[in-house]
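A.B. asks: I am sharing my_file.tsv, which consists of TSV, C-alpha atoms and all ligand atoms:
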```tsv
chain	number	residue	atom	x	y	z
R	1	MET	CA	0.00	0.00	0.00
R	2	VAL	CA	1.48	3.31	-1.02
R	3	ALA	CA	-0.17	6.49	0.17
R	4	SER	CA	0.52	8.25	-3.06
R	5	GLY	CA	-2.33	8.66	-5.46
R	6	VAL	CA	0.20	7.68	-8.12
R	7	VAL	CA	-0.80	5.03	-10.65
R	8	ARG	CA	2.04	2.50	-10.59
R	9	LYS	CA	2.99	0.87	-13.86
R	10	ALA	CA	6.22	-0.95	-13.14
R	11	SER	CA	7.93	0.74	-10.24
R	12	ARG	CA	11.21	-0.80	-9.16
R	13	VAL	CA	10.14	-0.38	-5.53
R	14	GLY	CA	9.12	-3.60	-3.78
R	15	GLY	CA	8.44	-4.74	-0.23
R	16	ARG	CA	6.76	-2.56	2.36
R	17	PRO	CA	6.49	1.21	1.79
R	18	VAL	CA	9.39	3.31	3.08
R	19	LYS	CA	9.32	7.02	3.91
R	20	ILE	CA	11.81	9.76	4.63
R	21	ALA	CA	10.97	10.29	8.31
R	22	SER	CA	13.27	13.25	8.96
R	23	LEU	CA	15.89	15.50	7.43
R	24	ALA	CA	18.77	17.55	8.84
R	25	THR	CA	21.77	19.32	7.37
R	26	TYR	CA	24.99	20.89	8.50
R	27	VAL	CA	27.48	23.22	6.87
R	28	PRO	CA	30.65	24.52	8.51
R	29	PRO	CA	30.39	28.20	9.47
R	30	ARG	CA	33.37	29.53	7.51
R	31	LEU	CA	32.53	31.13	4.14
R	32	LEU	CA	34.59	31.19	0.96
R	33	THR	CA	33.11	33.96	-1.20
R	34	ASN	CA	33.66	34.86	-4.82
R	35	ALA	CA	35.53	37.93	-3.55
R	36	ASP	CA	37.89	35.61	-1.62
R	37	LEU	CA	38.49	33.55	-4.77
R	38	GLU	CA	39.29	36.73	-6.73
R	39	GLN	CA	42.28	37.09	-4.37
R	40	MET	CA	43.39	33.48	-4.99
R	41	VAL	CA	43.02	32.88	-8.75
R	42	ASP	CA	42.42	34.87	-11.95
R	43	THR	CA	38.62	35.01	-11.78
R	44	SER	CA	35.80	37.42	-11.04
R	45	ASP	CA	32.57	37.45	-9.09
R	46	GLU	CA	30.80	38.31	-12.34
R	47	TRP	CA	32.21	35.28	-14.23
R	48	ILE	CA	31.47	32.83	-11.43
R	49	LEU	CA	27.93	34.08	-10.91
R	50	LYS	CA	27.09	34.16	-14.61
R	51	ARG	CA	28.62	30.77	-15.49
R	52	THR	CA	27.69	28.82	-12.35
R	53	GLY	CA	25.19	30.75	-10.20
R	54	ILE	CA	27.48	30.45	-7.14
R	55	ARG	CA	28.16	33.37	-4.77
R	56	GLU	CA	29.65	31.61	-1.75
R	57	ARG	CA	30.46	28.19	-0.28
R	58	HIS	CA	31.05	26.89	3.23
R	59	ILE	CA	34.50	25.50	3.95
R	60	VAL	CA	35.79	23.53	6.95
R	61	ASP	CA	38.56	24.68	9.23
R	62	PRO	CA	41.68	22.50	9.26
R	63	GLY	CA	41.13	19.29	11.22
R	64	VAL	CA	37.41	19.08	10.49
R	65	ALA	CA	36.54	16.00	8.44
R	66	THR	CA	33.59	14.50	6.59
R	67	SER	CA	32.57	12.40	9.61
R	68	ASP	CA	32.33	15.57	11.70
R	69	LEU	CA	29.88	17.17	9.27
R	70	GLY	CA	28.01	13.88	8.94
R	71	GLN	CA	27.83	13.52	12.72
R	72	GLU	CA	26.19	16.95	13.11
R	73	ALA	CA	23.55	16.20	10.47
R	74	SER	CA	22.96	12.64	11.73
R	75	VAL	CA	22.39	13.57	15.37
R	76	LYS	CA	19.77	16.15	14.31
R	77	ALA	CA	18.11	13.82	11.80
R	78	ILE	CA	17.71	11.04	14.39
R	79	LYS	CA	16.31	13.54	16.93
R	80	ASN	CA	13.94	15.03	14.33
R	81	ALA	CA	12.61	11.53	13.64
R	82	GLY	CA	11.85	11.14	17.35
R	83	LEU	CA	14.35	8.29	17.60
R	84	GLU	CA	17.47	7.39	19.55
R	85	PRO	CA	20.78	6.41	17.90
R	86	ASP	CA	20.21	2.82	19.02
R	87	ASP	CA	17.06	2.67	16.86
R	88	ILE	CA	19.18	2.87	13.70
R	89	GLY	CA	19.82	-0.50	12.05
R	90	VAL	CA	22.05	0.51	9.16
R	91	ILE	CA	24.05	3.60	8.17
R	92	VAL	CA	24.86	4.35	4.53
R	93	VAL	CA	27.24	7.25	3.96
R	94	GLY	CA	27.53	8.67	0.47
R	95	THR	CA	30.84	10.45	0.13
R	96	VAL	CA	33.79	10.91	-2.19
R	97	THR	CA	35.90	12.48	0.56
R	98	PRO	CA	36.03	9.89	3.36
R	99	ASP	CA	38.08	10.89	6.41
R	100	MET	CA	40.55	8.23	5.24
R	101	PHE	CA	40.53	5.16	2.96
R	102	PHE	CA	39.56	2.99	5.88
R	103	PRO	CA	37.88	2.65	8.27
R	104	SER	CA	34.83	3.86	6.40
R	105	THR	CA	33.18	7.13	7.30
R	106	ALA	CA	30.08	5.12	8.23
R	107	CYS	CA	32.12	3.38	10.96
R	108	LEU	CA	33.40	6.73	12.22
R	109	ILE	CA	29.91	8.26	12.27
R	110	GLN	CA	28.43	5.14	13.93
R	111	HIS	CA	30.93	5.55	16.75
R	112	LYS	CA	30.55	9.33	17.07
R	113	ILE	CA	26.76	9.26	17.29
R	114	GLY	CA	26.64	6.11	19.47
R	115	ALA	CA	24.49	4.03	17.12
R	116	HIS	CA	25.51	0.85	18.91
R	117	ARG	CA	23.17	-1.47	17.03
R	118	ALA	CA	23.93	-0.27	13.52
R	119	TRP	CA	26.16	-1.68	10.83
R	120	GLY	CA	27.07	0.48	7.87
R	121	PHE	CA	29.26	1.29	4.93
R	122	ASP	CA	30.32	4.07	2.58
R	123	LEU	CA	28.89	4.34	-0.89
R	124	SER	CA	31.03	5.87	-3.62
R	125	ALA	CA	28.97	7.49	-6.37
R	126	ALA	CA	30.28	11.08	-6.26
R	127	CYS	CA	27.48	13.55	-6.96
R	128	SER	CA	24.91	10.74	-7.23
R	129	ALA	CA	25.85	9.41	-3.80
R	130	PHE	CA	22.72	10.73	-2.11
R	131	THR	CA	20.25	9.24	-4.59
R	132	TYR	CA	22.20	5.96	-4.70
R	133	SER	CA	22.37	5.79	-0.87
R	134	LEU	CA	18.67	6.57	-0.53
R	135	THR	CA	17.79	3.75	-2.89
R	136	THR	CA	20.22	1.30	-1.29
R	137	ALA	CA	19.19	1.96	2.31
R	138	SER	CA	15.48	2.03	1.49
R	139	GLN	CA	15.72	-1.55	0.20
R	140	MET	CA	16.83	-2.69	3.65
R	141	VAL	CA	13.82	-1.07	5.29
R	142	ALA	CA	11.46	-2.22	2.53
R	143	SER	CA	12.61	-5.83	2.96
R	144	GLY	CA	11.90	-5.71	6.68
R	145	ALA	CA	15.57	-6.25	7.52
R	146	HIS	CA	15.66	-2.95	9.42
R	147	GLU	CA	13.05	-0.61	10.90
R	148	HIS	CA	15.15	2.54	10.53
R	149	ALA	CA	18.09	3.41	8.28
R	150	LEU	CA	20.30	6.49	8.40
R	151	VAL	CA	21.38	7.93	5.06
R	152	VAL	CA	24.14	10.53	5.10
R	153	GLY	CA	25.45	12.56	2.17
R	154	ALA	CA	28.59	14.38	3.29
R	155	ASP	CA	31.66	15.80	1.61
R	156	VAL	CA	34.62	17.98	2.44
R	157	MET	CA	35.36	18.87	-1.16
R	158	SER	CA	37.85	21.53	-0.03
R	159	SER	CA	40.17	18.63	0.90
R	160	ILE	CA	40.54	17.54	-2.74
R	161	ILE	CA	40.28	20.86	-4.58
R	162	ASP	CA	43.26	22.58	-6.16
R	163	TYR	CA	42.93	26.21	-5.12
R	164	THR	CA	45.30	27.24	-7.92
R	165	ASP	CA	42.95	25.82	-10.61
R	166	ARG	CA	40.29	28.41	-11.39
R	167	SER	CA	38.22	26.01	-13.48
R	168	THR	CA	37.41	23.80	-10.47
R	169	CYS	CA	38.09	25.72	-7.25
R	170	ILE	CA	35.20	28.09	-7.77
R	171	LEU	CA	32.66	25.27	-7.93
R	172	PHE	CA	32.85	23.25	-4.75
R	173	GLY	CA	31.94	23.60	-1.07
R	174	ASP	CA	31.64	21.45	2.05
R	175	GLY	CA	28.47	20.21	3.73
R	176	ALA	CA	26.36	17.33	4.95
R	177	GLY	CA	22.78	16.16	4.98
R	178	ALA	CA	21.12	13.20	6.65
R	179	VAL	CA	17.73	11.52	6.51
R	180	VAL	CA	16.18	8.73	8.52
R	181	LEU	CA	14.24	6.16	6.50
R	182	SER	CA	11.45	4.28	8.25
R	183	ALA	CA	8.61	1.95	7.34
R	184	ALA	CA	5.67	4.04	6.06
R	185	HIS	CA	2.05	3.77	7.18
R	186	PRO	CA	-1.01	4.70	5.13
R	187	GLY	CA	-1.16	8.49	4.84
R	188	ASP	CA	2.60	8.84	5.22
R	189	GLY	CA	4.85	9.79	2.37
R	190	ALA	CA	6.78	7.06	0.59
R	191	ILE	CA	9.58	6.41	-1.85
R	192	LEU	CA	7.67	5.49	-5.02
R	193	ASP	CA	10.31	4.57	-7.55
R	194	PHE	CA	13.94	4.99	-8.56
R	195	GLU	CA	16.17	4.67	-11.57
R	196	HIS	CA	19.95	4.53	-11.64
R	197	GLU	CA	22.64	4.12	-14.25
R	198	VAL	CA	26.39	4.23	-14.65
R	199	ASP	CA	28.35	5.13	-17.75
R	200	GLY	CA	31.88	4.17	-16.84
R	201	GLY	CA	33.20	5.52	-20.10
R	202	GLY	CA	32.86	8.98	-18.56
R	203	GLY	CA	35.44	8.28	-15.86
R	204	PRO	CA	38.29	10.38	-17.21
R	205	ALA	CA	36.04	13.45	-17.55
R	206	LEU	CA	35.87	13.89	-13.78
R	207	CYS	CA	38.28	12.18	-11.40
R	208	MET	CA	41.02	12.42	-8.81
R	209	PRO	CA	43.85	10.66	-10.65
R	210	ALA	CA	46.27	9.71	-7.85
R	211	GLY	CA	46.27	8.32	-4.35
R	212	GLY	CA	44.57	5.03	-5.21
R	213	SER	CA	46.05	1.67	-6.18
R	214	LEU	CA	46.65	2.74	-9.78
R	215	ARG	CA	48.80	5.79	-9.09
R	216	GLN	CA	49.98	5.44	-5.53
R	217	ALA	CA	50.78	8.56	-3.56
R	218	SER	CA	54.37	9.64	-4.16
R	219	HIS	CA	56.42	12.82	-4.25
R	220	GLU	CA	55.89	12.82	-8.00
R	221	THR	CA	52.09	12.60	-7.83
R	222	VAL	CA	52.02	15.35	-5.23
R	223	ASP	CA	54.32	17.55	-7.31
R	224	GLN	CA	52.01	17.00	-10.29
R	225	ARG	CA	48.98	17.97	-8.19
R	226	LEU	CA	47.26	14.70	-9.03
R	227	HIS	CA	45.50	14.40	-5.66
R	228	TYR	CA	43.01	17.01	-6.70
R	229	VAL	CA	39.78	16.99	-8.74
R	230	LYS	CA	40.41	17.13	-12.50
R	231	GLN	CA	37.49	17.89	-14.75
R	232	ASP	CA	36.57	18.36	-18.39
R	233	GLY	CA	33.89	20.88	-17.51
R	234	GLN	CA	32.15	21.06	-20.86
R	235	ALA	CA	31.91	17.28	-21.26
R	236	VAL	CA	30.41	16.92	-17.78
R	237	PHE	CA	28.07	19.84	-18.40
R	238	LYS	CA	26.61	18.39	-21.61
R	239	PHE	CA	26.27	14.89	-20.17
R	240	ALA	CA	24.58	16.21	-17.02
R	241	VAL	CA	21.97	18.20	-18.96
R	242	ARG	CA	21.16	15.30	-21.27
R	243	LYS	CA	21.01	12.59	-18.62
R	244	THR	CA	19.13	14.59	-15.99
R	245	GLU	CA	16.36	15.14	-18.50
R	246	GLU	CA	16.43	11.60	-19.90
R	247	ILE	CA	16.33	9.67	-16.64
R	248	SER	CA	13.77	11.99	-15.07
R	249	ARG	CA	11.45	11.56	-18.05
R	250	ARG	CA	11.87	7.77	-17.93
R	251	VAL	CA	10.93	7.42	-14.26
R	252	LEU	CA	7.95	9.75	-14.66
R	253	GLU	CA	6.62	7.91	-17.72
R	254	ARG	CA	6.99	4.55	-15.99
R	255	ASN	CA	4.71	5.83	-13.24
R	256	GLY	CA	2.14	7.32	-15.61
R	257	LEU	CA	3.18	10.85	-14.68
R	258	THR	CA	4.16	13.98	-16.56
R	259	PRO	CA	6.49	16.77	-15.38
R	260	ALA	CA	3.37	18.85	-14.69
R	261	ASP	CA	2.36	16.36	-11.97
R	262	LEU	CA	5.47	17.15	-9.93
R	263	ASP	CA	5.26	19.58	-7.03
R	264	LEU	CA	9.03	19.87	-6.72
R	265	PHE	CA	12.11	18.97	-8.75
R	266	VAL	CA	15.26	18.72	-6.64
R	267	SER	CA	18.39	18.24	-8.69
R	268	HIS	CA	21.98	17.84	-7.65
R	269	GLN	CA	23.41	21.36	-7.58
R	270	ALA	CA	26.49	21.49	-9.83
R	271	ASN	CA	25.75	24.54	-11.97
R	272	ARG	CA	22.66	26.76	-12.16
R	273	ARG	CA	22.80	26.54	-15.98
R	274	ILE	CA	22.75	22.71	-15.91
R	275	ILE	CA	19.63	22.67	-13.73
R	276	GLN	CA	17.89	25.33	-15.80
R	277	ALA	CA	18.72	23.69	-19.15
R	278	ALA	CA	17.69	20.20	-18.01
R	279	THR	CA	14.40	21.29	-16.43
R	280	GLU	CA	13.55	23.47	-19.41
R	281	LYS	CA	14.04	20.46	-21.73
R	282	LEU	CA	12.02	18.28	-19.35
R	283	GLY	CA	9.26	20.87	-19.14
R	284	VAL	CA	9.18	21.49	-15.39
R	285	HIS	CA	7.95	24.96	-14.48
R	286	PRO	CA	10.79	27.02	-12.92
R	287	ASP	CA	8.65	27.65	-9.82
R	288	LYS	CA	8.90	23.94	-9.05
R	289	VAL	CA	12.69	23.78	-9.34
R	290	ILE	CA	14.86	24.26	-6.26
R	291	ILE	CA	18.15	26.05	-6.91
R	292	ASN	CA	20.25	26.97	-3.88
R	293	ILE	CA	23.73	26.63	-5.40
R	294	GLU	CA	24.22	30.37	-4.82
R	295	ARG	CA	24.90	29.81	-1.10
R	296	PHE	CA	26.62	26.42	-1.04
R	297	GLY	CA	28.31	25.68	-4.37
R	298	ASN	CA	28.58	22.02	-5.30
R	299	THR	CA	28.81	20.02	-2.06
R	300	THR	CA	28.71	16.69	-3.99
R	301	ALA	CA	26.80	14.16	-1.80
R	302	ALA	CA	25.17	16.91	0.28
R	303	THR	CA	23.52	19.06	-2.40
R	304	ILE	CA	20.15	17.27	-2.51
R	305	PRO	CA	19.52	17.23	1.26
R	306	LEU	CA	20.67	20.86	1.46
R	307	ALA	CA	18.21	21.75	-1.32
R	308	LEU	CA	15.40	19.74	0.32
R	309	ASN	CA	16.09	21.51	3.60
R	310	ASP	CA	15.87	24.94	1.96
R	311	ALA	CA	12.63	23.92	0.27
R	312	LEU	CA	11.20	22.78	3.61
R	313	CYS	CA	12.31	25.87	5.50
R	314	SER	CA	10.93	28.23	2.84
R	315	GLY	CA	7.57	26.43	2.74
R	316	ARG	CA	8.06	25.19	-0.83
R	317	LEU	CA	8.08	21.53	0.29
R	318	LYS	CA	5.02	20.28	2.13
R	319	LYS	CA	3.53	17.02	3.27
R	320	GLY	CA	1.96	15.13	0.37
R	321	ASN	CA	4.10	16.81	-2.32
R	322	LEU	CA	5.26	14.70	-5.25
R	323	VAL	CA	9.02	15.18	-5.50
R	324	LEU	CA	11.62	14.04	-8.01
R	325	LEU	CA	15.28	13.93	-7.00
R	326	ALA	CA	17.86	13.73	-9.80
R	327	SER	CA	21.64	13.56	-9.97
R	328	VAL	CA	24.53	13.12	-12.37
R	329	GLY	CA	28.07	12.78	-11.10
R	330	ALA	CA	31.56	11.44	-11.64
R	331	GLY	CA	31.72	7.93	-12.99
R	332	PHE	CA	29.46	8.84	-14.67
R	333	THR	CA	26.75	8.02	-12.13
R	334	ILE	CA	23.14	8.88	-12.76
R	335	GLY	CA	20.14	8.66	-10.44
R	336	THR	CA	16.55	9.63	-9.76
R	337	VAL	CA	14.27	8.95	-6.83
R	338	LEU	CA	10.53	9.66	-7.04
R	339	LEU	CA	8.81	10.15	-3.71
R	340	ARG	CA	5.80	11.47	-1.87
R	341	TRP	CA	6.96	13.78	0.94
R	342	GLY	CA	5.69	12.74	4.34
R	343	PHE	CA	6.09	15.63	6.81
P	401	LIG	O1	28.71	17.56	-10.03
P	401	LIG	C1	29.24	17.23	-11.25
P	401	LIG	C2	30.49	17.96	-11.34
P	401	LIG	N1	30.69	19.06	-12.15
P	401	LIG	C3	29.85	19.69	-13.02
P	401	LIG	O2	28.72	19.35	-13.22
P	401	LIG	C4	30.44	20.86	-13.74
P	401	LIG	C5	30.04	20.91	-15.18
P	401	LIG	N2	30.71	21.99	-15.89
P	401	LIG	C6	30.50	23.30	-15.60
P	401	LIG	O3	29.78	23.65	-14.68
P	401	LIG	C7	31.15	24.31	-16.52
P	401	LIG	O4	31.69	23.67	-17.64
P	401	LIG	C8	32.26	25.16	-15.81
P	401	LIG	C9	31.62	26.12	-14.81
P	401	LIG	C10	33.26	24.27	-15.13
P	401	LIG	C11	32.98	26.04	-16.84
P	401	LIG	O5	32.06	26.86	-17.52
P	401	LIG	P1	32.04	26.94	-19.12
P	401	LIG	O6	30.99	27.89	-19.48
P	401	LIG	O7	31.91	25.53	-19.63
P	401	LIG	O8	33.44	27.54	-19.43
P	401	LIG	P2	34.64	26.94	-20.29
P	401	LIG	O9	35.28	25.79	-19.62
P	401	LIG	O10	34.14	26.77	-21.71
P	401	LIG	O11	35.63	28.15	-20.31
P	401	LIG	C12	35.31	29.39	-20.91
P	401	LIG	C13	36.43	30.38	-20.61
P	401	LIG	C14	37.81	29.82	-20.87
P	401	LIG	O12	38.61	30.87	-21.36
P	401	LIG	P3	38.89	31.00	-22.95
P	401	LIG	O13	39.54	29.70	-23.35
P	401	LIG	O14	37.53	31.18	-23.57
P	401	LIG	O15	39.77	32.19	-23.03
P	401	LIG	C15	38.28	29.46	-19.49
P	401	LIG	O16	39.69	29.52	-19.37
P	401	LIG	O17	36.37	30.73	-19.22
P	401	LIG	C16	37.67	30.55	-18.66
P	401	LIG	N3	37.50	30.22	-17.27
P	401	LIG	C17	37.38	31.14	-16.31
P	401	LIG	N4	37.42	32.48	-16.34
P	401	LIG	C18	37.27	33.14	-15.20
P	401	LIG	C19	37.39	28.99	-16.71
P	401	LIG	N5	37.23	29.12	-15.37
P	401	LIG	C20	37.22	30.45	-15.11
P	401	LIG	C21	37.09	31.18	-13.94
P	401	LIG	N6	37.12	32.54	-14.02
P	401	LIG	N7	36.92	30.62	-12.72
```
Could you rewrite the structure in this file as structure tokens?
Ligand code: UT7
C.D. replies:
Amino acid sequence: MVASGVVRKASRVGGRPVKIASLATYVPPRLLTNADLEQMVDTSDEWILKRTGIRERHIVDPGVATSDLGQEASVKAIKNAGLEPDDIGVIVVGTVTPDMFFPSTACLIQHKIGAHRAWGFDLSAACSAFTYSLTTASQMVASGAHEHALVVGADVMSSIIDYTDRSTCILFGDGAGAVVLSAAHPGDGAILDFEHEVDGGGGPALCMPAGGSLRQASHETVDQRLHYVKQDGQAVFKFAVRKTEEISRRVLERNGLTPADLDLFVSHQANRRIIQAATEKLGVHPDKVIINIERFGNTTAATIPLALNDALCSGRLKKGNLVLLASVGAGFTIGTVLLRWGF
């Protein structure tokens, strides 16, 4: 039973209905503005704003890691759900900037928040990490394996950004978002469907070349600045516009819906122009599109919860709303989640 009003054709969702029971976010207080970046690289506030829509990003202080941001968001999300840390059965952390290779950030967050009964793991899908993690964790609640799952999207992008490279350093920020997933009852919201893809051929267009098993960390790799994000911006841009539209249309059609049926479209926030071009092609009215990249930049796994939180706080997201989440990221990874908002 799904409290949705949506006519299901062939949703991928099975098992019992699962809802997002709560949401919380956290960004570090320190700001990196376009004016600050003008002092660091050859750029301008005008260029950044016009080409990306970004004005400022939040950046951690030295010593603050992804698990710290994730901890802040997780503690609030569990409290907002009216639960205790021990109620959480599984923790899935979407991140591309784990505190370290291992242990996983999920282990570190589990310990920091005192979720003594939870197991967990990190999920690597770059900018699609939140949609992928939502889908993955929701299966474990839908199957009945767990009553409550914690999904965290958190990244300290400033730890892997080359602040001498103007083509990438203007884009990214740090932040975290967390949701608790719980079994849904009639009248609650529910996750209705999802669709995910990878196109591994896109790997070289957006990657961090060194530090892994292929190009192990060495003086040479450090000298060559290979431990930073490298990106073919135009290739990623074009792919993101095309795929955001394509996968969103596919999941809507499968559920007998049109873009006009949506109350809210919440895309990964990589570039204002990507979101505008994709939603224009899809035919979603701009009033239904959340864009908050101006204040946060691209926080990778955290953009969708940060956008949902802004929509909630501004009254644009309400109980019963039909919402489509969409993301395209490094890999390439592609994802959508269709849901009925429950609070
Ligand atoms: O989450 C997924 C990850 N990433 C993305 O989705 C990003 C996708 N790509 C983009 O958002 C855009 O491609 C960028 C914002 C990265 C670049 O914007 P663009 O409109 O594609 O610019 P461009 O790369 O075509 O560069 C245009 C010009 C170049 O100068 P010339 O060759 O025309 O003289 C660049 O050198 O802009 C120059 N440029 C800059 N100028 C001032 C590049 N970065 C900057 C900068 N400030 N920060």
A.B. asks: List every protein, DNA or RNA residue with an atom no more than 12 Å from (30.9, 35.0, -10.0) in the file's coordinates, counting only C-alpha atoms, and format the result as a VMD selection string.
C.D. replies: chain R and resid 33 to 38 42 to 57 166 170 to 171 271 to 272 293 to 295 297
A.B. asks: What is the distance between atom CA of R:Gly175 and atom CA of R:Leu69, in Å to one decimal?
C.D. replies: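 Going from atom CA of R:Gly175 over to atom CA of R:Leu69 covers 6.5 Å.
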A.B. asks: For ligand LIG 401 (chain P), which residue among R:Leu108, R:Met40, R:Ala137, R:Ile113 is the nearest when counting all atoms listed in the file?
C.D. replies: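 Once distances to ligand LIG 401 (chain P) are computed over all atoms listed in the file, the minimum belongs to R:Met40.
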A.B. asks: Go through R:Gly153, R:Pro204, R:Pro28, R:Pro17 and flag the residue nearest R:Leu339, using only C-alpha atoms for the distances.
C.D. replies: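 Nearest candidate to R:Leu339 out of R:Gly153, R:Pro204, R:Pro28, R:Pro17: R:Pro17.
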A.B. asks: Separation of atom CA of R:Asp199 and atom CA of R:Ala270, in Å?
C.D. replies: 18.3 Å
A.B. asks: Ligand LIG 401 (chain P), all listed atoms, 5 Å padding on each side: what axis-aligned box centre and edge lengths in Å to one decimal come out, as JSON?
C.D. replies:
```
{"center_x": 34.2, "center_y": 25.2, "center_z": -16.8, "size_x": 21.1, "size_y": 25.9, "size_z": 23.5}
```
A.B. asks: State, in Å with one decimal place, the distance from atom O6 of ligand LIG 401 (chain P) to atom CA of R:Lys230.
C.D. replies: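 Separation of atom O6 of ligand LIG 401 (chain P) and atom CA of R:Lys230: 15.9 Å.
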A.B. asks: Counting all atoms listed in the file, which residues have an atom no more than 8 Å from (26.0, 8.5, -9.5) in the file's coordinates? Please list them as a short mmCIF file (atom, residue, chain, number, x, y, z; two decimals) with C-alpha atoms, keeping the file's coordinate frame.
C.D. replies:
```
data_model
loop_
_atom_site.label_atom_id
_atom_site.label_comp_id
_atom_site.auth_asym_id
_atom_site.auth_seq_id
_atom_site.Cartn_x
_atom_site.Cartn_y
_atom_site.Cartn_z
CA ALA R 125 28.97 7.49 -6.37
CA ALA R 126 30.28 11.08 -6.26
CA CYS R 127 27.48 13.55 -6.96
CA SER R 128 24.91 10.74 -7.23
CA ALA R 129 25.85 9.41 -3.80
CA THR R 131 20.25 9.24 -4.59
CA TYR R 132 22.20 5.96 -4.70
CA HIS R 196 19.95 4.53 -11.64
CA GLU R 197 22.64 4.12 -14.25
CA VAL R 198 26.39 4.23 -14.65
CA SER R 327 21.64 13.56 -9.97
CA VAL R 328 24.53 13.12 -12.37
CA GLY R 329 28.07 12.78 -11.10
CA ALA R 330 31.56 11.44 -11.64
CA GLY R 331 31.72 7.93 -12.99
CA PHE R 332 29.46 8.84 -14.67
CA THR R 333 26.75 8.02 -12.13
CA ILE R 334 23.14 8.88 -12.76
CA GLY R 335 20.14 8.66 -10.44
#
```
A.B. asks: Which of these, R:Val96, R:Leu134, R:Ala149, R:Val266, has the shortest distance to R:Cys207 once you count all atoms listed in the file?
C.D. replies: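 Using all atoms listed in the file, the shortest distance to R:Cys207 belongs to R:Val96.
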A.B. asks: Which is closest to R:Asp155 among R:Asp87, R:Asp68, R:Asp232, R:Asp61, if we use only C-alpha atoms?
C.D. replies: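 With only C-alpha atoms as the atom set, the closest residue is R:Asp68.
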A.B. asks: Using the structure block above, produce a file of stretch 12-16 of chain R that contains all heavy atoms, as a CSV table (one decimal), in the first residue's frame.
C.D. replies:
```
chain,number,residue,atom,x,y,z
R,12,ARG,N,10.2,0.1,-9.6
R,12,ARG,CA,11.2,-0.8,-9.2
R,12,ARG,C,11.1,-1.1,-7.7
R,12,ARG,O,11.8,-1.9,-7.1
R,12,ARG,CB,12.6,-0.2,-9.4
R,12,ARG,CG,12.9,-0.1,-10.9
R,12,ARG,CD,14.4,0.3,-11.0
R,12,ARG,NE,14.7,0.6,-12.4
R,12,ARG,CZ,15.0,-0.3,-13.3
R,12,ARG,NH1,14.9,-1.6,-13.0
R,12,ARG,NH2,15.3,0.0,-14.6
R,13,VAL,N,10.3,-0.3,-7.0
R,13,VAL,CA,10.1,-0.4,-5.5
R,13,VAL,C,9.3,-1.6,-5.2
R,13,VAL,O,8.3,-1.8,-5.7
R,13,VAL,CB,9.5,0.9,-4.9
R,13,VAL,CG1,9.1,0.7,-3.5
R,13,VAL,CG2,10.4,2.1,-5.0
R,14,GLY,N,9.9,-2.4,-4.3
R,14,GLY,CA,9.1,-3.6,-3.8
R,14,GLY,C,9.1,-3.6,-2.3
R,14,GLY,O,9.6,-2.7,-1.6
R,15,GLY,N,8.5,-4.6,-1.7
R,15,GLY,CA,8.4,-4.7,-0.2
R,15,GLY,C,7.5,-3.8,0.4
R,15,GLY,O,6.6,-3.2,-0.3
R,16,ARG,N,7.7,-3.5,1.7
R,16,ARG,CA,6.8,-2.6,2.4
R,16,ARG,C,7.1,-1.1,2.0
R,16,ARG,O,8.3,-0.8,1.7
R,16,ARG,CB,6.8,-2.8,3.9
R,16,ARG,CG,8.1,-2.6,4.5
R,16,ARG,CD,8.1,-2.9,6.0
R,16,ARG,NE,9.4,-2.8,6.5
R,16,ARG,CZ,9.7,-2.8,7.8
R,16,ARG,NH1,8.7,-2.8,8.7
R,16,ARG,NH2,10.9,-2.7,8.3
```
